[in-house]
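The structure appears right after this line, and notes come after that.
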Amino acid sequence: MEDEINSQASIIENLINRYILNYCVLVDIPLDIKRIVLVASGSSYNAAVFGKYFFENISNVEASCEYASEFAHSCFMNLDKNALYVFISQSGNSIDTVLAMEKVKEHNLKTLCITNNKNSKLYNECDYKLDIEAGRENAIAATKTFGASVVMLWLIALKIAQNNKVDISSHIENISLVKKNIENTLLNIENIDVVSKVLSKQDGFSICGFNKYFPLALEAALKIKETCYINTCPYPLGEFIHGHFAVLNKSKYFLIFLTSDCTNIERNLLKKIIKTYKIKSIVVSDEYEDYDCDMLLKFPKCQSKIATIVSMIIVVQMLALKMALRLRRNVDKPQGLNKVVDDKDLK
């Protein structure tokens, strides 16, 4: 797991070098996209939620996310002939995701897959296909394939915007520094040992993110569950105050993501939570800021938004890893979990 976390700098640099040339994005997708439906499970679903944010905020295209199992087995399915259906699966053989794809193909609708396996059912049968080229991932908890999938979704969003004559230069400015930013994060996550020690002793805690960082809360909760067996609950920050934050009456710690570009809405919601409850707050941020928090899990500031997102993903992955090691868990083979990597793993 640690090796695969550390490999992300090179994997993501390779994706960027392959698909961005002279401020142009070279991803092969349909030209006329009016709506996107993302279908996935597990970490791939969390990547899809990042994708939804990218498509709506970079491409200005409506997007929605569906759990593959719900989509595949729903009795009512109002398929949109104008939509592009995007299926995300590291193995390309996830059963529910494959069934969902076959359901869409029956209606001759446009399909695209993002996968880490060219010898897979999704890759062979989708109209458009993108290989994240992360190499075989052996640890059960997705790390490098998650980061690569998020970056691939970002590239697709840029390509749609580019096709629609939208200026994308601000999004890819300083893009050559992404590898350096990621490597710097891997070496310089402040207070991670202290935070991992504290959180590994908890029975459970809440994780919140606002807007683009809600999918990060989803992935953080899943990584900690998979590796540590601790019941972590993710919430959108704004939704959390609508009843959910009553759980803080019985909690000791609360984890939240706030970066240098966060809004007053996020800061004020955090202040409200701290004021209302006697709760210890842990803030993950790229800046030294008086958040009135008890612990600051800080990583170096990056030169681009996508580098910041990937760096926060890495902070989350390293936190889960260090917590699990303190608990003496087998992070590569968590109890009761298995992973489909390619066709032979289905047999």
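Just so we're on the same page: first chain in the structure tokens is A, next is B, and so on; residues restart at 1 for each chain, and ligands are numbered from 1 in the order they show up.
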
Could you give me, as a CSV table (one decimal) with N, CA and C atoms, in the first residue's frame, the residues within 10 Å of Asp80 of chain A, counting only C-alpha atoms and dropping anything in the same chain fewer than 6 positions from it?
chain,number,residue,atom,x,y,z
A,35,ARG,N,-24.9,15.9,-21.3
A,35,ARG,CA,-25.1,15.4,-19.9
A,35,ARG,C,-24.2,14.2,-19.7
A,36,ILE,N,-23.7,14.0,-18.5
A,36,ILE,CA,-22.9,12.9,-18.2
A,36,ILE,C,-23.5,12.1,-17.0
A,37,VAL,N,-23.5,10.8,-17.1
A,37,VAL,CA,-24.0,9.9,-16.0
A,37,VAL,C,-22.8,9.1,-15.6
A,104,VAL,N,-27.0,-0.2,-20.5
A,104,VAL,CA,-27.0,1.0,-21.3
A,104,VAL,C,-26.7,0.6,-22.8
A,107,HIS,N,-29.5,-0.2,-25.2
A,107,HIS,CA,-30.3,0.9,-25.8
A,107,HIS,C,-29.4,1.7,-26.7
A,109,LEU,N,-26.8,3.5,-26.4
A,109,LEU,CA,-26.4,4.8,-25.9
A,109,LEU,C,-24.8,4.9,-25.8
A,110,LYS,N,-24.3,6.1,-25.8
A,110,LYS,CA,-22.9,6.3,-25.8
A,110,LYS,C,-22.3,5.9,-24.5

Segment 163-244 of chain A residues near segment 256-260 of chain A within 7 Å, closest pair each, using only C-alpha atoms, as CSV:
residue,atom,partner,partner_atom,distance
A:Ile207,CA,A:Ile256,CA,5.7
A:Cys208,CA,A:Ile256,CA,4.9
A:Gly209,CA,A:Phe257,CA,5.5
A:Tyr213,CA,A:Phe257,CA,6.7

Neighbouring residues of segment 285-294 of chain A were defined as those with any atom within 9 Å, considering only C-alpha atoms; residues of the same chain fewer than 4 positions away were excluded. Please report them as a PyMOL selection string. chain A and resi 256-260+267+270-271+274+280-281+298-302+308+312

Could you write those residues out with N, CA and C atoms, as a PDB file, in the first residue's frame?
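What ended up in selection.pdb:
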ATOM      1  N   ILE A 256     -11.943  17.620   9.253  1.00  0.00           N
ATOM      2  CA  ILE A 256     -12.501  18.469   8.204  1.00  0.00           C
ATOM      3  C   ILE A 256     -11.398  18.933   7.266  1.00  0.00           C
ATOM      4  N   PHE A 257     -11.745  19.161   5.988  1.00  0.00           N
ATOM      5  CA  PHE A 257     -10.799  19.634   4.980  1.00  0.00           C
ATOM      6  C   PHE A 257     -11.059  21.106   4.687  1.00  0.00           C
ATOM      7  N   LEU A 258     -10.054  21.954   4.894  1.00  0.00           N
ATOM      8  CA  LEU A 258     -10.147  23.379   4.590  1.00  0.00           C
ATOM      9  C   LEU A 258      -8.836  23.822   3.960  1.00  0.00           C
ATOM     10  N   THR A 259      -8.883  24.332   2.727  1.00  0.00           N
ATOM     11  CA  THR A 259      -7.659  24.769   2.069  1.00  0.00           C
ATOM     12  C   THR A 259      -7.606  26.287   1.973  1.00  0.00           C
ATOM     13  N   SER A 260      -6.492  26.790   1.428  1.00  0.00           N
ATOM     14  CA  SER A 260      -6.289  28.235   1.359  1.00  0.00           C
ATOM     15  C   SER A 260      -7.339  28.950   0.516  1.00  0.00           C
ATOM     16  N   ARG A 267     -15.445  28.290   6.908  1.00  0.00           N
ATOM     17  CA  ARG A 267     -14.841  28.741   8.161  1.00  0.00           C
ATOM     18  C   ARG A 267     -15.906  28.954   9.238  1.00  0.00           C
ATOM     19  N   LEU A 270     -17.359  25.675  10.586  1.00  0.00           N
ATOM     20  CA  LEU A 270     -16.442  25.056  11.536  1.00  0.00           C
ATOM     21  C   LEU A 270     -16.515  25.758  12.888  1.00  0.00           C
ATOM     22  N   LYS A 271     -16.541  27.081  12.874  1.00  0.00           N
ATOM     23  CA  LYS A 271     -16.642  27.842  14.128  1.00  0.00           C
ATOM     24  C   LYS A 271     -17.929  27.496  14.869  1.00  0.00           C
ATOM     25  N   ILE A 274     -17.499  24.046  16.524  1.00  0.00           N
ATOM     26  CA  ILE A 274     -16.611  24.116  17.683  1.00  0.00           C
ATOM     27  C   ILE A 274     -17.293  24.816  18.856  1.00  0.00           C
ATOM     28  N   LYS A 280     -13.014  18.014  19.760  1.00  0.00           N
ATOM     29  CA  LYS A 280     -11.673  18.324  19.285  1.00  0.00           C
ATOM     30  C   LYS A 280     -11.664  18.232  17.766  1.00  0.00           C
ATOM     31  N   SER A 281     -11.254  19.309  17.121  1.00  0.00           N
ATOM     32  CA  SER A 281     -11.285  19.369  15.664  1.00  0.00           C
ATOM     33  C   SER A 281      -9.891  19.188  15.071  1.00  0.00           C
ATOM     34  N   LYS A 298      -1.122  19.537   8.171  1.00  0.00           N
ATOM     35  CA  LYS A 298      -0.764  20.458   7.089  1.00  0.00           C
ATOM     36  C   LYS A 298       0.125  19.801   6.046  1.00  0.00           C
ATOM     37  N   PHE A 299      -0.151  20.140   4.775  1.00  0.00           N
ATOM     38  CA  PHE A 299       0.685  19.710   3.658  1.00  0.00           C
ATOM     39  C   PHE A 299       1.102  20.949   2.870  1.00  0.00           C
ATOM     40  N   PRO A 300       2.164  20.872   2.065  1.00  0.00           N
ATOM     41  CA  PRO A 300       2.665  22.051   1.354  1.00  0.00           C
ATOM     42  C   PRO A 300       1.671  22.596   0.327  1.00  0.00           C
ATOM     43  N   LYS A 301       1.653  23.903   0.192  1.00  0.00           N
ATOM     44  CA  LYS A 301       0.777  24.542  -0.787  1.00  0.00           C
ATOM     45  C   LYS A 301       1.252  24.194  -2.198  1.00  0.00           C
ATOM     46  N   CYS A 302       0.290  23.955  -3.087  1.00  0.00           N
ATOM     47  CA  CYS A 302       0.592  23.565  -4.468  1.00  0.00           C
ATOM     48  C   CYS A 302       0.330  24.724  -5.432  1.00  0.00           C
ATOM     49  N   THR A 308      -3.414  20.315  -5.713  1.00  0.00           N
ATOM     50  CA  THR A 308      -3.930  20.411  -4.337  1.00  0.00           C
ATOM     51  C   THR A 308      -4.848  19.242  -4.030  1.00  0.00           C
ATOM     52  N   MET A 312      -4.139  16.251  -1.293  1.00  0.00           N
ATOM     53  CA  MET A 312      -5.046  15.942  -0.190  1.00  0.00           C
ATOM     54  C   MET A 312      -5.442  14.466  -0.209  1.00  0.00           C
TER      55      MET A 312
END

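Candidate residues A:Lys322, A:Lys212, A:Lys333, A:Lys81 were compared for distance to Ile192 of chain A, and the nearest is A:Lys322, using only C-alpha atoms.
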
Determine, counting only C-alpha atoms, which protein, DNA and RNA residues have an atom within 12 Å of an atom of Tyr85 of chain A; residues of the same chain fewer than 4 positions away are not included. Present the result as a PyMOL selection string. chain A and resi 29-30+33-40+48+63-66+68+71+79-81+97+100-105+107-114+126-129

For N, CA and C atoms, I'd like the residues from the last selection saved as a tab-separated table (two decimals), in the first residue's frame.
chain	number	residue	atom	x	y	z
A	29	ILE	N	-12.94	11.62	-26.72
A	29	ILE	CA	-14.31	11.55	-26.21
A	29	ILE	C	-15.26	12.06	-27.29
A	30	PRO	N	-16.58	11.82	-27.15
A	30	PRO	CA	-17.53	12.36	-28.12
A	30	PRO	C	-17.48	13.88	-28.16
A	33	ILE	N	-21.42	16.64	-25.99
A	33	ILE	CA	-21.85	16.05	-24.71
A	33	ILE	C	-22.73	17.05	-23.97
A	34	LYS	N	-23.98	16.67	-23.77
A	34	LYS	CA	-24.93	17.56	-23.08
A	34	LYS	C	-25.13	17.17	-21.62
A	35	ARG	N	-24.89	15.91	-21.30
A	35	ARG	CA	-25.08	15.43	-19.93
A	35	ARG	C	-24.21	14.20	-19.73
A	36	ILE	N	-23.74	14.02	-18.49
A	36	ILE	CA	-22.89	12.87	-18.15
A	36	ILE	C	-23.49	12.12	-16.98
A	37	VAL	N	-23.55	10.80	-17.09
A	37	VAL	CA	-23.97	9.94	-15.98
A	37	VAL	C	-22.79	9.05	-15.62
A	38	LEU	N	-22.32	9.18	-14.40
A	38	LEU	CA	-21.17	8.40	-13.93
A	38	LEU	C	-21.66	7.22	-13.10
A	39	VAL	N	-21.15	6.04	-13.42
A	39	VAL	CA	-21.60	4.81	-12.76
A	39	VAL	C	-20.37	4.06	-12.22
A	40	ALA	N	-20.39	3.74	-10.92
A	40	ALA	CA	-19.22	3.10	-10.33
A	40	ALA	C	-19.57	2.56	-8.94
A	48	ALA	N	-15.93	9.28	-9.00
A	48	ALA	CA	-17.03	9.81	-9.82
A	48	ALA	C	-17.61	11.08	-9.23
A	63	ALA	N	-24.06	16.74	-14.61
A	63	ALA	CA	-23.54	15.40	-14.34
A	63	ALA	C	-24.22	14.81	-13.11
A	64	SER	N	-24.34	13.51	-13.08
A	64	SER	CA	-24.91	12.81	-11.93
A	64	SER	C	-24.12	11.54	-11.68
A	65	CYS	N	-24.18	11.04	-10.43
A	65	CYS	CA	-23.45	9.83	-10.05
A	65	CYS	C	-24.44	8.75	-9.63
A	66	GLU	N	-24.17	7.53	-10.06
A	66	GLU	CA	-25.01	6.39	-9.72
A	66	GLU	C	-24.15	5.27	-9.16
A	68	ALA	N	-23.22	1.62	-9.04
A	68	ALA	CA	-23.39	0.60	-10.09
A	68	ALA	C	-24.42	-0.45	-9.72
A	71	PHE	N	-27.92	1.05	-10.04
A	71	PHE	CA	-28.20	1.32	-11.45
A	71	PHE	C	-28.48	0.01	-12.19
A	79	LEU	N	-33.38	6.09	-19.12
A	79	LEU	CA	-32.10	6.37	-19.78
A	79	LEU	C	-32.22	7.57	-20.70
A	80	ASP	N	-31.18	8.38	-20.73
A	80	ASP	CA	-31.16	9.62	-21.49
A	80	ASP	C	-30.35	9.42	-22.77
A	81	LYS	N	-31.00	9.52	-23.91
A	81	LYS	CA	-30.30	9.29	-25.18
A	81	LYS	C	-29.26	10.36	-25.48
A	97	THR	N	-20.83	-3.05	-12.23
A	97	THR	CA	-20.51	-2.01	-13.22
A	97	THR	C	-20.65	-2.56	-14.63
A	100	ALA	N	-24.33	-2.82	-15.42
A	100	ALA	CA	-24.87	-1.49	-15.70
A	100	ALA	C	-24.50	-1.06	-17.12
A	101	MET	N	-23.27	-1.33	-17.52
A	101	MET	CA	-22.83	-1.00	-18.87
A	101	MET	C	-23.65	-1.76	-19.91
A	102	GLU	N	-23.88	-3.05	-19.68
A	102	GLU	CA	-24.65	-3.86	-20.62
A	102	GLU	C	-26.08	-3.34	-20.74
A	103	LYS	N	-26.63	-2.87	-19.64
A	103	LYS	CA	-27.98	-2.30	-19.65
A	103	LYS	C	-28.06	-1.09	-20.56
A	104	VAL	N	-27.03	-0.25	-20.49
A	104	VAL	CA	-26.98	0.95	-21.33
A	104	VAL	C	-26.73	0.58	-22.79
A	105	LYS	N	-25.86	-0.40	-23.02
A	105	LYS	CA	-25.54	-0.80	-24.39
A	105	LYS	C	-26.75	-1.38	-25.11
A	107	HIS	N	-29.54	-0.21	-25.20
A	107	HIS	CA	-30.29	0.91	-25.77
A	107	HIS	C	-29.45	1.74	-26.73
A	108	ASN	N	-28.28	1.21	-27.09
A	108	ASN	CA	-27.41	1.86	-28.08
A	108	ASN	C	-27.03	3.29	-27.69
A	109	LEU	N	-26.77	3.49	-26.42
A	109	LEU	CA	-26.37	4.81	-25.94
A	109	LEU	C	-24.84	4.89	-25.84
A	110	LYS	N	-24.32	6.11	-25.81
A	110	LYS	CA	-22.87	6.31	-25.80
A	110	LYS	C	-22.27	5.92	-24.45
A	111	THR	N	-21.18	5.14	-24.52
A	111	THR	CA	-20.53	4.68	-23.30
A	111	THR	C	-19.03	4.98	-23.34
A	112	LEU	N	-18.49	5.25	-22.17
A	112	LEU	CA	-17.05	5.48	-22.00
A	112	LEU	C	-16.62	4.80	-20.71
A	113	CYS	N	-15.46	4.17	-20.72
A	113	CYS	CA	-14.98	3.56	-19.48
A	113	CYS	C	-13.62	4.13	-19.09
A	114	ILE	N	-13.40	4.19	-17.80
A	114	ILE	CA	-12.09	4.53	-17.22
A	114	ILE	C	-11.67	3.32	-16.40
A	126	CYS	N	-16.99	-0.89	-24.28
A	126	CYS	CA	-17.43	0.52	-24.30
A	126	CYS	C	-17.01	1.19	-25.61
A	127	ASP	N	-17.78	2.20	-26.01
A	127	ASP	CA	-17.49	2.91	-27.25
A	127	ASP	C	-16.18	3.69	-27.16
A	128	TYR	N	-15.99	4.33	-26.03
A	128	TYR	CA	-14.77	5.09	-25.77
A	128	TYR	C	-14.11	4.49	-24.54
A	129	LYS	N	-12.80	4.46	-24.53
A	129	LYS	CA	-12.11	3.78	-23.42
A	129	LYS	C	-10.83	4.53	-23.06

Close residues, segment 199-203 of chain A itself excluded, 10 Å, only C-alpha atoms, min 2 positions apart in chain, as a compact mmCIF listing (two decimals) with C-alpha atoms, in the first residue's frame:
# COMPACT_ATOMS: atom_id res chain seq x y z
CA VAL A 194 0.30 12.68 16.12
CA VAL A 195 -3.06 12.70 14.33
CA SER A 196 -2.81 9.02 13.33
CA LYS A 197 -2.02 8.07 16.93
CA PHE A 205 -15.57 9.83 14.13
CA ILE A 224 -10.04 4.20 7.16
CA CYS A 228 -8.45 0.17 10.25
CA TYR A 229 -11.99 -1.23 10.69
CA ILE A 230 -13.03 2.05 12.37
CA ASN A 231 -16.55 3.32 11.70
CA THR A 232 -15.94 6.68 10.05
CA SER A 251 -17.76 11.96 19.72
CA LYS A 252 -14.33 13.14 20.76
CA TYR A 253 -12.86 14.10 17.38
CA PHE A 254 -13.99 15.64 14.11
CA LEU A 255 -11.98 15.78 10.84
CA ILE A 282 -8.62 18.24 13.21
CA LEU A 319 -3.27 8.88 7.37
CA ALA A 320 -5.23 5.64 6.87
CA LYS A 322 -0.36 5.06 9.55
CA MET A 323 -3.52 4.49 11.60
CA ALA A 324 -3.74 0.89 10.40
CA LEU A 325 -0.10 0.19 11.18
CA ARG A 326 -0.58 1.48 14.72
CA LEU A 327 -3.48 -0.95 15.05

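When only C-alpha atoms are used to measure the gap to Val49 of chain A, the shortest distance among A:Glu219, A:Asp96, A:Glu190, A:Glu173 belongs to A:Glu219.
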
Using only C-alpha atoms, which protein or nucleic acid residues come within 10 Å of Asn338 of chain A? Drop anything in the same chain fewer than 4 positions from it, and give the result as a list in words. Ala139, Ile140, Ala141, Asp332, Lys333, Pro334 and Asp345 of chain A

Go ahead and dump the residues you just picked, C-alpha atoms, as a PDB file, in the first residue's frame.
ATOM      1  CA  ALA A 139      -3.115  -3.722  -2.067  1.00  0.00           C
ATOM      2  CA  ILE A 140      -6.843  -4.152  -1.430  1.00  0.00           C
ATOM      3  CA  ALA A 141      -7.493  -0.485  -0.645  1.00  0.00           C
ATOM      4  CA  ASP A 332      -2.532  -5.066   2.048  1.00  0.00           C
ATOM      5  CA  LYS A 333      -5.042  -7.802   2.873  1.00  0.00           C
ATOM      6  CA  PRO A 334      -7.784  -6.476   5.184  1.00  0.00           C
ATOM      7  CA  ASP A 345      -9.343 -13.065 -10.372  1.00  0.00           C
TER       8      ASP A 345
END

Which residue gives the smallest distance to Ala307 of chain A among A:Asp193, A:Glu13, A:Asp167, A:Asp3, with only C-alpha atoms counted? A:Glu13

From a DSSP pass on the backbone, collect the residues of segment 42-167 of chain A flagged as helix (DSSP H, G or I) and hand them back as a PyMOL selection string. chain A and resi 42-59+68-73+95-105+121-125+144-163

Take the residues just selected and output them with C-alpha atoms as a PDB file, in the first residue's frame.
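Just written: out_21.pdb:
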ATOM      1  CA  GLY A  42     -16.451   1.841  -3.936  1.00  0.00           C
ATOM      2  CA  SER A  43     -13.462   4.128  -4.441  1.00  0.00           C
ATOM      3  CA  SER A  44     -14.388   4.429  -8.120  1.00  0.00           C
ATOM      4  CA  TYR A  45     -17.725   5.919  -7.052  1.00  0.00           C
ATOM      5  CA  ASN A  46     -15.890   8.445  -4.875  1.00  0.00           C
ATOM      6  CA  ALA A  47     -13.763   9.355  -7.893  1.00  0.00           C
ATOM      7  CA  ALA A  48     -17.028   9.805  -9.824  1.00  0.00           C
ATOM      8  CA  VAL A  49     -18.207  12.370  -7.267  1.00  0.00           C
ATOM      9  CA  PHE A  50     -15.005  14.310  -7.934  1.00  0.00           C
ATOM     10  CA  GLY A  51     -15.835  13.965 -11.629  1.00  0.00           C
ATOM     11  CA  LYS A  52     -19.287  15.434 -11.093  1.00  0.00           C
ATOM     12  CA  TYR A  53     -17.656  18.511  -9.573  1.00  0.00           C
ATOM     13  CA  PHE A  54     -15.203  18.811 -12.483  1.00  0.00           C
ATOM     14  CA  PHE A  55     -17.881  18.462 -15.170  1.00  0.00           C
ATOM     15  CA  GLU A  56     -20.205  20.991 -13.589  1.00  0.00           C
ATOM     16  CA  ASN A  57     -17.565  23.561 -12.640  1.00  0.00           C
ATOM     17  CA  ILE A  58     -15.023  23.244 -15.457  1.00  0.00           C
ATOM     18  CA  SER A  59     -17.109  21.976 -18.387  1.00  0.00           C
ATOM     19  CA  ALA A  68     -23.391   0.601 -10.089  1.00  0.00           C
ATOM     20  CA  SER A  69     -25.361  -1.944  -8.039  1.00  0.00           C
ATOM     21  CA  GLU A  70     -28.400   0.359  -7.789  1.00  0.00           C
ATOM     22  CA  PHE A  71     -28.203   1.316 -11.447  1.00  0.00           C
ATOM     23  CA  ALA A  72     -27.751  -2.261 -12.697  1.00  0.00           C
ATOM     24  CA  HIS A  73     -30.610  -3.743 -10.671  1.00  0.00           C
ATOM     25  CA  ILE A  95     -19.752  -7.277 -11.880  1.00  0.00           C
ATOM     26  CA  ASP A  96     -22.299  -4.565 -11.040  1.00  0.00           C
ATOM     27  CA  THR A  97     -20.514  -2.010 -13.218  1.00  0.00           C
ATOM     28  CA  VAL A  98     -20.384  -4.452 -16.140  1.00  0.00           C
ATOM     29  CA  LEU A  99     -24.112  -5.219 -15.749  1.00  0.00           C
ATOM     30  CA  ALA A 100     -24.872  -1.488 -15.702  1.00  0.00           C
ATOM     31  CA  MET A 101     -22.833  -0.996 -18.872  1.00  0.00           C
ATOM     32  CA  GLU A 102     -24.646  -3.860 -20.622  1.00  0.00           C
ATOM     33  CA  LYS A 103     -27.982  -2.304 -19.647  1.00  0.00           C
ATOM     34  CA  VAL A 104     -26.979   0.953 -21.330  1.00  0.00           C
ATOM     35  CA  LYS A 105     -25.538  -0.803 -24.389  1.00  0.00           C
ATOM     36  CA  LYS A 121     -14.993  -6.419 -20.341  1.00  0.00           C
ATOM     37  CA  LEU A 122     -15.566  -2.695 -19.882  1.00  0.00           C
ATOM     38  CA  TYR A 123     -12.549  -1.768 -21.980  1.00  0.00           C
ATOM     39  CA  ASN A 124     -13.500  -4.190 -24.754  1.00  0.00           C
ATOM     40  CA  GLU A 125     -17.172  -3.230 -24.977  1.00  0.00           C
ATOM     41  CA  LYS A 144      -2.815   4.849  -7.024  1.00  0.00           C
ATOM     42  CA  THR A 145      -5.805   3.819  -9.147  1.00  0.00           C
ATOM     43  CA  PHE A 146      -8.015   6.248  -7.233  1.00  0.00           C
ATOM     44  CA  GLY A 147      -5.659   9.193  -7.734  1.00  0.00           C
ATOM     45  CA  ALA A 148      -5.199   8.332 -11.415  1.00  0.00           C
ATOM     46  CA  SER A 149      -8.979   7.989 -11.967  1.00  0.00           C
ATOM     47  CA  VAL A 150      -9.591  11.414 -10.431  1.00  0.00           C
ATOM     48  CA  VAL A 151      -6.975  12.980 -12.702  1.00  0.00           C
ATOM     49  CA  MET A 152      -8.449  11.227 -15.750  1.00  0.00           C
ATOM     50  CA  LEU A 153     -11.900  12.630 -14.945  1.00  0.00           C
ATOM     51  CA  TRP A 154     -10.322  16.080 -14.628  1.00  0.00           C
ATOM     52  CA  LEU A 155      -8.723  15.645 -18.069  1.00  0.00           C
ATOM     53  CA  ILE A 156     -12.083  14.674 -19.595  1.00  0.00           C
ATOM     54  CA  ALA A 157     -13.697  17.749 -18.042  1.00  0.00           C
ATOM     55  CA  LEU A 158     -10.966  19.947 -19.534  1.00  0.00           C
ATOM     56  CA  LYS A 159     -11.443  18.319 -22.944  1.00  0.00           C
ATOM     57  CA  ILE A 160     -15.207  18.977 -22.902  1.00  0.00           C
ATOM     58  CA  ALA A 161     -14.574  22.604 -21.954  1.00  0.00           C
ATOM     59  CA  GLN A 162     -11.972  22.892 -24.703  1.00  0.00           C
ATOM     60  CA  ASN A 163     -14.405  21.440 -27.268  1.00  0.00           C
TER      61      ASN A 163
END

Å distance separating atom CA of Asn181 of chain A from atom CA of Thr143 of chain A, one decimal place: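 Distance reported for this atom pair: 17.3 Å.
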
For Glu239 of chain A, work out the shell of residues within 10 Å, counting only C-alpha atoms and skipping chain neighbours fewer than 5 positions away, then give it as a ChimeraX atom specification. /A:208,210,244-245

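For the atom pair formed by atom CA of Val25 of chain A and atom CA of Leu216 of chain A, the distance is 25.0 Å, given to one decimal.
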
Return the single residue from A:Ser206, A:Ser89, A:Gln317, A:Ser41 that is closest to Glu4 of chain A, with distances computed using only C-alpha atoms.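 Between A:Ser206, A:Ser89, A:Gln317, A:Ser41, the residue approaching Glu4 of chain A most closely is A:Gln317.
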
Atomic distance atom CA of Glu133 of chain A - atom CA of Ser170 of chain A, expressed in Å with one decimal: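 Between atom CA of Glu133 of chain A and atom CA of Ser170 of chain A the gap is 25.9 Å.
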